[in-house]
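Participant: Have a look at the structure that comes next, please.
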Amino acid sequence: RERALAFCLANLLPDFGQAQRVHESSPNNFGLSAALQRLFGKERYQASQFSPTIPCGQPIPHHGNEISINLEDQHCLEDESLDFVVSQDVLEHIYNANAAFAEISRTLRPGGFHIFTVPLTSKRTGTFTAARRVRAGGPTPTVELYAPPEVHGNPMANAGGSLLTHQWGYDIVAHIANATGGDMVPTYVINVESRALGIYDAEYREVLISRKKGVNPNLPNLWNRLDALVSSSSSKRRGGDGDGGRDSVCPSHNGMLQCTAEPAIQKESSAIS
């Protein structure tokens, strides 16, 4: 999924490098996260982890330039202060995902975007809540489980892993729209396939891009390529003359953009590697 996200940034949103302020939640210190930090530098790239014992916006000891931010309550970030937000496999571990979506929307400038990965494990049945927080407070909340507990790794070494709280389905798009009052519309679900990039025959390789309404002066042409792909795919489905058919880089299939990384395009991904 990390390679798929990098592909989408480089090929669908090629002007992303002009962003003036970027926030990545829960990054690793390698791969795409490290590449973004090198590209934007400390002045434009802000990394965060969540520590329940460290106030919002305060540095996390022994974590470089990272600060503590709870995605559900990002009060230390100003309204409309970010050009885009990145999260990789984070939102399946958030208890109040609606609050996180709303806060991400609040911090984004008009025309900004949230690009993220999350395993869509409930494609056929819709989103299932696997764990619910019934009492907050302290480093360990009281939780009700509706499925056997599943714990994934956490970049915060002392956190003991992160509990899976949501098994998301394609209806995540509606969750985002409802949580943000329609401000984050549309959310594109993009399925990338490439043998050369090692993204093939994997079940959970979707990349999601939520787009905030409006125009961002820092990124005035950001959406040109993605809009053209969506438009041409829609035209092809209606029987028009668009170029979004079988030979398109990203034809639409069942409401998703199905992106195939052709050799000429794979080279562009090196821009952020």
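Note on naming: chains are A, B, ... as they come in the structure tokens, residues start from 1 per chain, ligands start from 1 in the order shown.
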Give me the residues within 8 Å of range 111-121 of chain A as a ChimeraX atom specification, counting only C-alpha atoms and dropping any in the same chain fewer than 6 places off.
Facilitator: /A:1-2,5,82-92,104,167-170,204-216,219
Participant: List the spatial neighbours of Asn28 in chain A as a list in words - criterion: any atom at most 12 Å away, only C-alpha atoms, same-chain residues fewer than 5 positions off excluded.
Facilitator: Glu2, Ser33, Ala34, Ala35, Leu36, Gln37, Ala47, Ser48, Gln49, His63, Gly64, Glu66, Val86, Ser87, Gln88, Asp89, Val90, Gly153, Asn154, Pro155, Met156 and Ala157 of chain A
Participant: Keeping only C-alpha atoms, write the selected residues to a file as a PDB file, in the first residue's frame.
Facilitator:
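Listing of selection03.pdb after writing:
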```pdb
ATOM      1  CA  GLU A   2       2.904   2.371   0.626  1.00  0.00           C
ATOM      2  CA  SER A  33       7.618   8.987   5.106  1.00  0.00           C
ATOM      3  CA  ALA A  34      11.368   9.540   4.971  1.00  0.00           C
ATOM      4  CA  ALA A  35      11.117  10.583   1.323  1.00  0.00           C
ATOM      5  CA  LEU A  36       8.441  13.175   2.106  1.00  0.00           C
ATOM      6  CA  GLN A  37      10.518  14.585   4.936  1.00  0.00           C
ATOM      7  CA  ALA A  47       5.186  14.500  11.512  1.00  0.00           C
ATOM      8  CA  SER A  48       3.099  13.486  14.486  1.00  0.00           C
ATOM      9  CA  GLN A  49       2.405  10.513  16.728  1.00  0.00           C
ATOM     10  CA  HIS A  63      11.224  10.990  18.094  1.00  0.00           C
ATOM     11  CA  GLY A  64      13.096  13.632  16.129  1.00  0.00           C
ATOM     12  CA  GLU A  66       7.613  14.592  15.717  1.00  0.00           C
ATOM     13  CA  VAL A  86      -0.972  11.781   4.840  1.00  0.00           C
ATOM     14  CA  SER A  87      -1.813   8.733   6.923  1.00  0.00           C
ATOM     15  CA  GLN A  88      -0.821   5.145   6.281  1.00  0.00           C
ATOM     16  CA  ASP A  89      -2.840   2.412   7.973  1.00  0.00           C
ATOM     17  CA  VAL A  90      -3.914   4.660  10.848  1.00  0.00           C
ATOM     18  CA  GLY A 153       2.387  -2.481  15.252  1.00  0.00           C
ATOM     19  CA  ASN A 154       2.799   1.115  16.414  1.00  0.00           C
ATOM     20  CA  PRO A 155       5.767   3.455  15.687  1.00  0.00           C
ATOM     21  CA  MET A 156       5.550   4.522  19.331  1.00  0.00           C
ATOM     22  CA  ALA A 157       7.683   1.737  20.780  1.00  0.00           C
TER      23      ALA A 157
END
```
Participant: If you run DSSP on the backbone, which residues of range 60-131 of chain A are strand (DSSP E), as an MDAnalysis selection string?
Facilitator: chainID A and resid 67:68 82:88 108:117 128:129 131
Participant: List every residue of range 88-243 of chain A that DSSP, applied to the backbone of this structure, places in helix (DSSP H, G or I), and write the result as a PyMOL selection string.
Facilitator: chain A and resi 97-107+157-159+172-179+224-237
Participant: Taking N, CA and C atoms for each residue, export the selection above as a short mmCIF file (atom, residue, chain, number, x, y, z; two decimals), in the first residue's frame.
Facilitator:
```
data_model
loop_
_atom_site.label_atom_id
_atom_site.label_comp_id
_atom_site.auth_asym_id
_atom_site.auth_seq_id
_atom_site.Cartn_x
_atom_site.Cartn_y
_atom_site.Cartn_z
N ALA A 97 -13.63 7.83 14.64
CA ALA A 97 -13.14 8.16 13.30
C ALA A 97 -13.83 9.39 12.73
N ASN A 98 -15.12 9.58 13.05
CA ASN A 98 -15.82 10.75 12.54
C ASN A 98 -15.16 12.04 13.03
N ALA A 99 -14.74 12.05 14.30
CA ALA A 99 -14.05 13.23 14.82
C ALA A 99 -12.73 13.44 14.09
N ALA A 100 -12.02 12.36 13.78
CA ALA A 100 -10.75 12.48 13.07
C ALA A 100 -10.97 13.04 11.67
N PHE A 101 -11.97 12.53 10.96
CA PHE A 101 -12.25 13.05 9.61
C PHE A 101 -12.61 14.54 9.67
N ALA A 102 -13.42 14.92 10.66
CA ALA A 102 -13.82 16.32 10.80
C ALA A 102 -12.62 17.22 11.10
N GLU A 103 -11.72 16.75 11.96
CA GLU A 103 -10.55 17.54 12.31
C GLU A 103 -9.59 17.66 11.12
N ILE A 104 -9.44 16.60 10.36
CA ILE A 104 -8.60 16.67 9.17
C ILE A 104 -9.16 17.70 8.20
N SER A 105 -10.46 17.68 8.02
CA SER A 105 -11.11 18.66 7.15
C SER A 105 -10.89 20.09 7.66
N ARG A 106 -11.03 20.27 8.96
CA ARG A 106 -10.87 21.62 9.54
C ARG A 106 -9.48 22.17 9.29
N THR A 107 -8.46 21.33 9.40
CA THR A 107 -7.09 21.81 9.28
C THR A 107 -6.63 21.99 7.84
N ALA A 157 7.20 3.02 20.28
CA ALA A 157 7.68 1.74 20.78
C ALA A 157 7.06 1.35 22.11
N ASN A 158 6.72 2.34 22.94
CA ASN A 158 6.20 2.02 24.27
C ASN A 158 4.68 1.90 24.29
N ALA A 159 4.05 1.94 23.10
CA ALA A 159 2.59 1.91 23.07
C ALA A 159 2.03 0.50 23.12
N ILE A 172 -16.81 3.80 3.62
CA ILE A 172 -15.97 4.81 4.26
C ILE A 172 -16.13 6.16 3.56
N VAL A 173 -16.42 6.12 2.26
CA VAL A 173 -16.63 7.35 1.50
C VAL A 173 -17.80 8.14 2.09
N ALA A 174 -18.89 7.45 2.40
CA ALA A 174 -20.06 8.11 3.00
C ALA A 174 -19.76 8.58 4.42
N HIS A 175 -18.99 7.79 5.18
CA HIS A 175 -18.60 8.20 6.53
C HIS A 175 -17.86 9.54 6.49
N ILE A 176 -16.93 9.68 5.54
CA ILE A 176 -16.14 10.90 5.44
C ILE A 176 -17.04 12.08 5.06
N ALA A 177 -17.90 11.89 4.08
CA ALA A 177 -18.79 12.97 3.66
C ALA A 177 -19.69 13.42 4.80
N ASN A 178 -20.26 12.47 5.54
CA ASN A 178 -21.16 12.82 6.64
C ASN A 178 -20.42 13.49 7.79
N ALA A 179 -19.23 12.98 8.11
CA ALA A 179 -18.47 13.52 9.25
C ALA A 179 -17.99 14.93 9.00
N ASN A 224 -5.87 18.81 -11.94
CA ASN A 224 -6.10 18.74 -13.38
C ASN A 224 -6.02 17.32 -13.91
N ARG A 225 -4.98 16.60 -13.51
CA ARG A 225 -4.79 15.27 -14.08
C ARG A 225 -5.83 14.29 -13.57
N LEU A 226 -6.11 14.32 -12.27
CA LEU A 226 -7.08 13.39 -11.71
C LEU A 226 -8.47 13.70 -12.25
N ASP A 227 -8.82 14.97 -12.36
CA ASP A 227 -10.12 15.34 -12.93
C ASP A 227 -10.26 14.84 -14.36
N ALA A 228 -9.18 14.95 -15.13
CA ALA A 228 -9.23 14.50 -16.52
C ALA A 228 -9.43 12.98 -16.60
N LEU A 229 -8.75 12.26 -15.73
CA LEU A 229 -8.90 10.80 -15.71
C LEU A 229 -10.31 10.40 -15.32
N VAL A 230 -10.85 11.05 -14.29
CA VAL A 230 -12.21 10.74 -13.86
C VAL A 230 -13.20 11.08 -14.96
N SER A 231 -13.04 12.24 -15.59
CA SER A 231 -13.95 12.67 -16.64
C SER A 231 -13.91 11.72 -17.83
N SER A 232 -12.71 11.32 -18.25
CA SER A 232 -12.60 10.44 -19.40
C SER A 232 -13.15 9.07 -19.10
N SER A 233 -12.96 8.59 -17.88
CA SER A 233 -13.51 7.29 -17.49
C SER A 233 -15.02 7.34 -17.49
N SER A 234 -15.60 8.42 -16.96
CA SER A 234 -17.05 8.56 -16.93
C SER A 234 -17.61 8.63 -18.33
N SER A 235 -16.91 9.36 -19.22
CA SER A 235 -17.36 9.48 -20.60
C SER A 235 -17.37 8.13 -21.28
N LYS A 236 -16.35 7.32 -21.01
CA LYS A 236 -16.27 6.00 -21.63
C LYS A 236 -17.40 5.10 -21.16
N ARG A 237 -17.75 5.21 -19.85
CA ARG A 237 -18.84 4.39 -19.32
C ARG A 237 -20.17 4.77 -19.96
#
```
Participant: To one decimal place in Å, what is the distance between CA of Pro27 in chain A and CA of Phe7 in chain A?
Facilitator: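 Separation of CA of Pro27 in chain A and CA of Phe7 in chain A: 17.4 Å.
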Participant: Just give me the gap between CA of Val192 in chain A and CA of Ile94 in chain A in Å, one decimal is fine.
Facilitator: 25.2 Å
Participant: Name all residues at most 6 Å from Ala131 in chain A (count only C-alpha atoms; drop same-chain ones fewer than 3 positions away) and give them as a ChimeraX atom specification.
Facilitator: /A:144-146,165
Participant: Separation of CA of Leu108 in chain A and CA of Ser81 in chain A, in Å?
Facilitator: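 Interatomic distance, CA of Leu108 in chain A to CA of Ser81 in chain A: 6.0 Å.
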Participant: Here is a test: counting only C-alpha atoms, which residue of A:Thr180, A:Arg132, A:Ile67, A:Gln58 is nearest to Ser26 in chain A?
Facilitator: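 Of the candidates, the smallest distance to Ser26 in chain A is held by A:Ile67.
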Participant: From the options A:Lys42, A:Asn218, A:Ala136, A:Trp223, which residue's atoms come nearest to Asn11 in chain A, counting only C-alpha atoms?
Facilitator: A:Trp223
Participant: Taking 5 positions as the minimum chain separation for residues in the same chain, which residues sit within 7 Å of His152 in chain A when counting only C-alpha atoms? Answer as JSON, numbers by chain.
Facilitator: {"A": [161, 162, 163]}
